[in-house]
Amino acid sequence: MFLPLTLDEAKKRGWNSIDIILVTGDAYIDHPSFGTAVIGRVLEKAGYTVGIIAMPNFMDPSSIEVMGRPNLFFGITSGNIDSMLARFTAFKKIRNDDPYVPGGMGGVKPSNAIITYCNLIKQRFKDVPIVIGGIEASMRRLVHYDFIQNKLRRSILVDSRADILVYGMGESQTVEIANRLSGGQSMEGISGTVTIARNKPLNAFLLPSEKDAMESNEALVTMYKQFYQNFQSKLIVQESGGRYIVHYPPPQISQHQLDSYYEVPYTRKPHPVYTRTIPAYTMIQYSINAHRGCAGGCSFCTLTLHQGKRIVSRSRDSIKQEITAIAAKKTIHITDIGGPSANMYGMECSIGGCNRESCVFPALCKHLKINTREWIDLMDEALTLPNVKKVSVGSGIRYDLFMWSKDCLRELSYFITHFVSGQLKVAPEHIDSTVLRAMRKVPLYPLAEFVKAFNHECKRQAKEYYLVPYLMTCQPGSTDSSVYRMRSEIEAIFGYVPYQCQAFIPLPMTLSSIQYYTGSDPLTGEMFFVEKNAKARRKQHGILMRR
Ligand code: SF4
């Protein structure tokens, strides 16, 4: 049974009131790849009644009243992606599509969705606590650069006037918040949250103030350096207009906890109220999340700050149970078993962690246990389950980590035989050493060697498979001449230049966003050329895109 979208649906479940109302900019898809469904289901399992307001009409405050007044709080998210990215392209044009809504049409969610939804709630339910979360809240939790608006912004917790911000995936935090509010307790001190305090907490690491960071590039760079080097283990504080933003370290979830988030009764479908196809659902319907976290720490990516550097992998039993349930009534092709980087499943730190920003840059840390075999064994087992006709890896692999093990050529051969379906994505992103340094993505294995090994093996097995390289232009450090070089090297290595590539967008709170804004890498102090001119950015992108 779906979580209710209306009071009538809630009554049919026998609920006379709703404890928590989740508001999201996306359609409600009851599937573990969509944050609102996960948080709603986990809260339901913890004993709370939960309703969802999906895609409220942001021009009409009454759209926020359809489920009445919640007993505990409103939980607000923009949806699976930041609303500014959902609304605008890398060249700041309005998007006319949105894969997270029925029919895939753009314009359903507002810019700055979290702030907009919070304003609607404040107009109608002034005294109900508001919790903000999801990627938009997570990646705007402190002073950040907003590329679309081309300005620095303070923490979204201040601008939204919410009571607490949940960063990361948010399950344990949200349940703890519900428990505290139902017991009449304070929301202070919850791991993985950000709050505002009148007084500076004791024993906290003090960042440069909000005002200093917004007025001085030097203070902004220092703030980011200190934040990245300390947020994983310390209580962090930033002065903001006479009050203090308090950032608690992330929660350390266990495998058992992670398993439990997938063992709640998702229907794995969009709510039946939607009559049109939701493109994002079609894409991930048969994909399985196997782990959380990314050890990579690439400077342009949100993952390390959002999910954390530590990999937490689900147990094989939990994953197999999920696949068995999906395949109970029909034959299926599992289109992905992975996570942010599929083959990071099973990787772990042998000493339990540290404050380094990346486990693989500038060099592979000797404590990172790479375990490609465990991931392949998992897919092997999945393939033996009833009604599973194929398992493939749609999200792509981190090829240099794949090639790190002694047995890599044998594993590559086996992987191609069983788990590739037509094409395999890899993400060199660029080939220029300066750009790769800015990206914090120095390859641990030569790209050309990998491509050669892949093609050789496909030929040997008479498989017509090909590699699709993900590439990016306009990154800090990237110039017209480096993109020309990338074009010819990629053509030489892969035999073609891909039709699609990405123009860099500085995502809020990433290291790249600070490189873009200041020209300086907060962690190394290295200065990079940054192409900011819109026309010149288009030209640079066009070098790779032209046919
Ligand atoms: S010690 Fe090495 S493997 Fe462990 S968290 Fe730190 S960088 Fe990663």
# chains A, B, ... in the order shown; residues from 1 in each chain; ligands from 1
$ residues_near_ligand --ligand "ligand 1" --cutoff "7 Å" --atoms "only C-alpha atoms and all ligand atoms" --output "PyMOL selection string"
chain A and resi 295+310+348-356+358-359+365-368
$ write_last_selection --atoms "C-alpha atoms" --output "CSV table (one decimal), in the first residue's frame"
chain,number,residue,atom,x,y,z
A,295,ALA,CA,35.9,6.9,-1.6
A,310,ARG,CA,33.2,5.7,3.9
A,348,GLU,CA,36.5,-0.7,3.1
A,349,CYS,CA,39.1,1.1,5.1
A,350,SER,CA,41.2,-1.4,7.1
A,351,ILE,CA,41.8,1.1,10.0
A,352,GLY,CA,38.3,2.5,10.3
A,353,GLY,CA,38.7,5.9,8.7
A,354,CYS,CA,40.6,9.2,8.8
A,355,ASN,CA,40.1,12.9,7.9
A,356,ARG,CA,41.6,12.6,4.4
A,358,SER,CA,39.8,11.2,-0.6
A,359,CYS,CA,41.0,7.6,-0.3
A,365,CYS,CA,45.7,4.9,0.3
A,366,LYS,CA,47.3,1.7,1.4
A,367,HIS,CA,44.5,1.2,3.9
A,368,LEU,CA,41.7,1.0,1.3
$ residues_around --residues "segment 234-246 of chain A" --least-positions-apart "2" --cutoff "6 Å" --atoms "only C-alpha atoms" --output "list of chain:residue names"
A:Val194, A:Thr195, A:Ile196, A:Ala197, A:Arg198, A:Ala204, A:Phe205, A:Leu206, A:Leu207, A:Ser209, A:Glu210, A:Asn230, A:Phe231, A:Tyr248, A:Pro249
$ select_by_dssp --residues "segment 214-329 of chain A" --states "helix (DSSP H, G or I)" --output "MDAnalysis selection string"
chainID A and resid 214:215 217:230 255:262 279:284 303:306 316:326
$ atom_distance --atom1 "atom CA of Tyr286 of chain A" --atom2 "atom CA of Phe402 of chain A"
23.6 Å
$ closest_residue --among "A:Gly542, A:Gly338, A:Gly296, A:Gly103" --to "Asp400 of chain A" --atoms "only C-alpha atoms"
A:Gly296
$ decode --residues "segment 172-200 of chain A" --atoms "N, CA and C atoms" --output "PDB file, in the first residue's frame"
ATOM      1  N   SER A 172      18.443   7.925   9.620  1.00  0.00           N
ATOM      2  CA  SER A 172      18.587   7.860  11.084  1.00  0.00           C
ATOM      3  C   SER A 172      18.277   9.210  11.721  1.00  0.00           C
ATOM      4  N   GLN A 173      18.696  10.299  11.039  1.00  0.00           N
ATOM      5  CA  GLN A 173      18.437  11.632  11.584  1.00  0.00           C
ATOM      6  C   GLN A 173      16.941  11.919  11.672  1.00  0.00           C
ATOM      7  N   THR A 174      16.212  11.575  10.610  1.00  0.00           N
ATOM      8  CA  THR A 174      14.792  11.933  10.562  1.00  0.00           C
ATOM      9  C   THR A 174      14.004  11.160  11.619  1.00  0.00           C
ATOM     10  N   VAL A 175      14.349   9.880  11.795  1.00  0.00           N
ATOM     11  CA  VAL A 175      13.662   9.099  12.839  1.00  0.00           C
ATOM     12  C   VAL A 175      13.991   9.680  14.218  1.00  0.00           C
ATOM     13  N   GLU A 176      15.254  10.057  14.423  1.00  0.00           N
ATOM     14  CA  GLU A 176      15.645  10.631  15.718  1.00  0.00           C
ATOM     15  C   GLU A 176      14.899  11.946  15.971  1.00  0.00           C
ATOM     16  N   ILE A 177      14.743  12.750  14.930  1.00  0.00           N
ATOM     17  CA  ILE A 177      14.014  14.018  15.074  1.00  0.00           C
ATOM     18  C   ILE A 177      12.557  13.726  15.470  1.00  0.00           C
ATOM     19  N   ALA A 178      11.947  12.749  14.795  1.00  0.00           N
ATOM     20  CA  ALA A 178      10.559  12.390  15.125  1.00  0.00           C
ATOM     21  C   ALA A 178      10.468  11.918  16.574  1.00  0.00           C
ATOM     22  N   ASN A 179      11.424  11.077  16.983  1.00  0.00           N
ATOM     23  CA  ASN A 179      11.407  10.582  18.375  1.00  0.00           C
ATOM     24  C   ASN A 179      11.541  11.738  19.358  1.00  0.00           C
ATOM     25  N   ARG A 180      12.461  12.655  19.055  1.00  0.00           N
ATOM     26  CA  ARG A 180      12.679  13.777  19.990  1.00  0.00           C
ATOM     27  C   ARG A 180      11.426  14.647  20.073  1.00  0.00           C
ATOM     28  N   LEU A 181      10.849  14.973  18.902  1.00  0.00           N
ATOM     29  CA  LEU A 181       9.685  15.874  18.915  1.00  0.00           C
ATOM     30  C   LEU A 181       8.489  15.202  19.585  1.00  0.00           C
ATOM     31  N   SER A 182       8.316  13.908  19.366  1.00  0.00           N
ATOM     32  CA  SER A 182       7.161  13.257  20.002  1.00  0.00           C
ATOM     33  C   SER A 182       7.371  13.148  21.513  1.00  0.00           C
ATOM     34  N   GLY A 183       8.639  13.167  21.943  1.00  0.00           N
ATOM     35  CA  GLY A 183       8.909  13.129  23.390  1.00  0.00           C
ATOM     36  C   GLY A 183       9.092  14.517  23.991  1.00  0.00           C
ATOM     37  N   GLY A 184       8.859  15.549  23.180  1.00  0.00           N
ATOM     38  CA  GLY A 184       8.997  16.930  23.682  1.00  0.00           C
ATOM     39  C   GLY A 184      10.438  17.313  23.979  1.00  0.00           C
ATOM     40  N   GLN A 185      11.389  16.660  23.297  1.00  0.00           N
ATOM     41  CA  GLN A 185      12.808  16.949  23.586  1.00  0.00           C
ATOM     42  C   GLN A 185      13.414  17.905  22.554  1.00  0.00           C
ATOM     43  N   SER A 186      14.579  18.432  22.909  1.00  0.00           N
ATOM     44  CA  SER A 186      15.300  19.341  22.003  1.00  0.00           C
ATOM     45  C   SER A 186      15.879  18.558  20.815  1.00  0.00           C
ATOM     46  N   MET A 187      16.067  19.249  19.689  1.00  0.00           N
ATOM     47  CA  MET A 187      16.640  18.594  18.507  1.00  0.00           C
ATOM     48  C   MET A 187      18.151  18.826  18.426  1.00  0.00           C
ATOM     49  N   GLU A 188      18.744  19.367  19.482  1.00  0.00           N
ATOM     50  CA  GLU A 188      20.197  19.620  19.463  1.00  0.00           C
ATOM     51  C   GLU A 188      20.970  18.306  19.518  1.00  0.00           C
ATOM     52  N   GLY A 189      22.129  18.281  18.869  1.00  0.00           N
ATOM     53  CA  GLY A 189      23.095  17.195  19.066  1.00  0.00           C
ATOM     54  C   GLY A 189      22.878  15.961  18.218  1.00  0.00           C
ATOM     55  N   ILE A 190      22.042  16.020  17.173  1.00  0.00           N
ATOM     56  CA  ILE A 190      21.795  14.822  16.356  1.00  0.00           C
ATOM     57  C   ILE A 190      22.836  14.737  15.232  1.00  0.00           C
ATOM     58  N   SER A 191      23.541  13.610  15.172  1.00  0.00           N
ATOM     59  CA  SER A 191      24.555  13.425  14.113  1.00  0.00           C
ATOM     60  C   SER A 191      23.923  13.604  12.741  1.00  0.00           C
ATOM     61  N   GLY A 192      24.644  14.283  11.832  1.00  0.00           N
ATOM     62  CA  GLY A 192      24.137  14.453  10.468  1.00  0.00           C
ATOM     63  C   GLY A 192      23.103  15.555  10.339  1.00  0.00           C
ATOM     64  N   THR A 193      23.099  16.478  11.296  1.00  0.00           N
ATOM     65  CA  THR A 193      22.160  17.611  11.181  1.00  0.00           C
ATOM     66  C   THR A 193      22.912  18.934  11.363  1.00  0.00           C
ATOM     67  N   VAL A 194      22.219  20.008  11.011  1.00  0.00           N
ATOM     68  CA  VAL A 194      22.724  21.365  11.226  1.00  0.00           C
ATOM     69  C   VAL A 194      21.614  22.141  11.919  1.00  0.00           C
ATOM     70  N   THR A 195      21.975  22.859  12.969  1.00  0.00           N
ATOM     71  CA  THR A 195      20.976  23.662  13.690  1.00  0.00           C
ATOM     72  C   THR A 195      21.531  25.073  13.893  1.00  0.00           C
ATOM     73  N   ILE A 196      20.697  25.947  14.442  1.00  0.00           N
ATOM     74  CA  ILE A 196      21.162  27.302  14.760  1.00  0.00           C
ATOM     75  C   ILE A 196      21.071  27.486  16.267  1.00  0.00           C
ATOM     76  N   ALA A 197      22.150  28.012  16.867  1.00  0.00           N
ATOM     77  CA  ALA A 197      22.168  28.209  18.330  1.00  0.00           C
ATOM     78  C   ALA A 197      22.423  29.680  18.645  1.00  0.00           C
ATOM     79  N   ARG A 198      21.902  30.120  19.783  1.00  0.00           N
ATOM     80  CA  ARG A 198      22.142  31.519  20.209  1.00  0.00           C
ATOM     81  C   ARG A 198      23.577  31.683  20.705  1.00  0.00           C
ATOM     82  N   ASN A 199      24.065  30.633  21.420  1.00  0.00           N
ATOM     83  CA  ASN A 199      25.417  30.711  21.993  1.00  0.00           C
ATOM     84  C   ASN A 199      26.357  29.726  21.310  1.00  0.00           C
ATOM     85  N   LYS A 200      27.614  30.078  21.316  1.00  0.00           N
ATOM     86  CA  LYS A 200      28.600  29.187  20.676  1.00  0.00           C
ATOM     87  C   LYS A 200      28.809  27.937  21.537  1.00  0.00           C
TER      88      LYS A 200
END
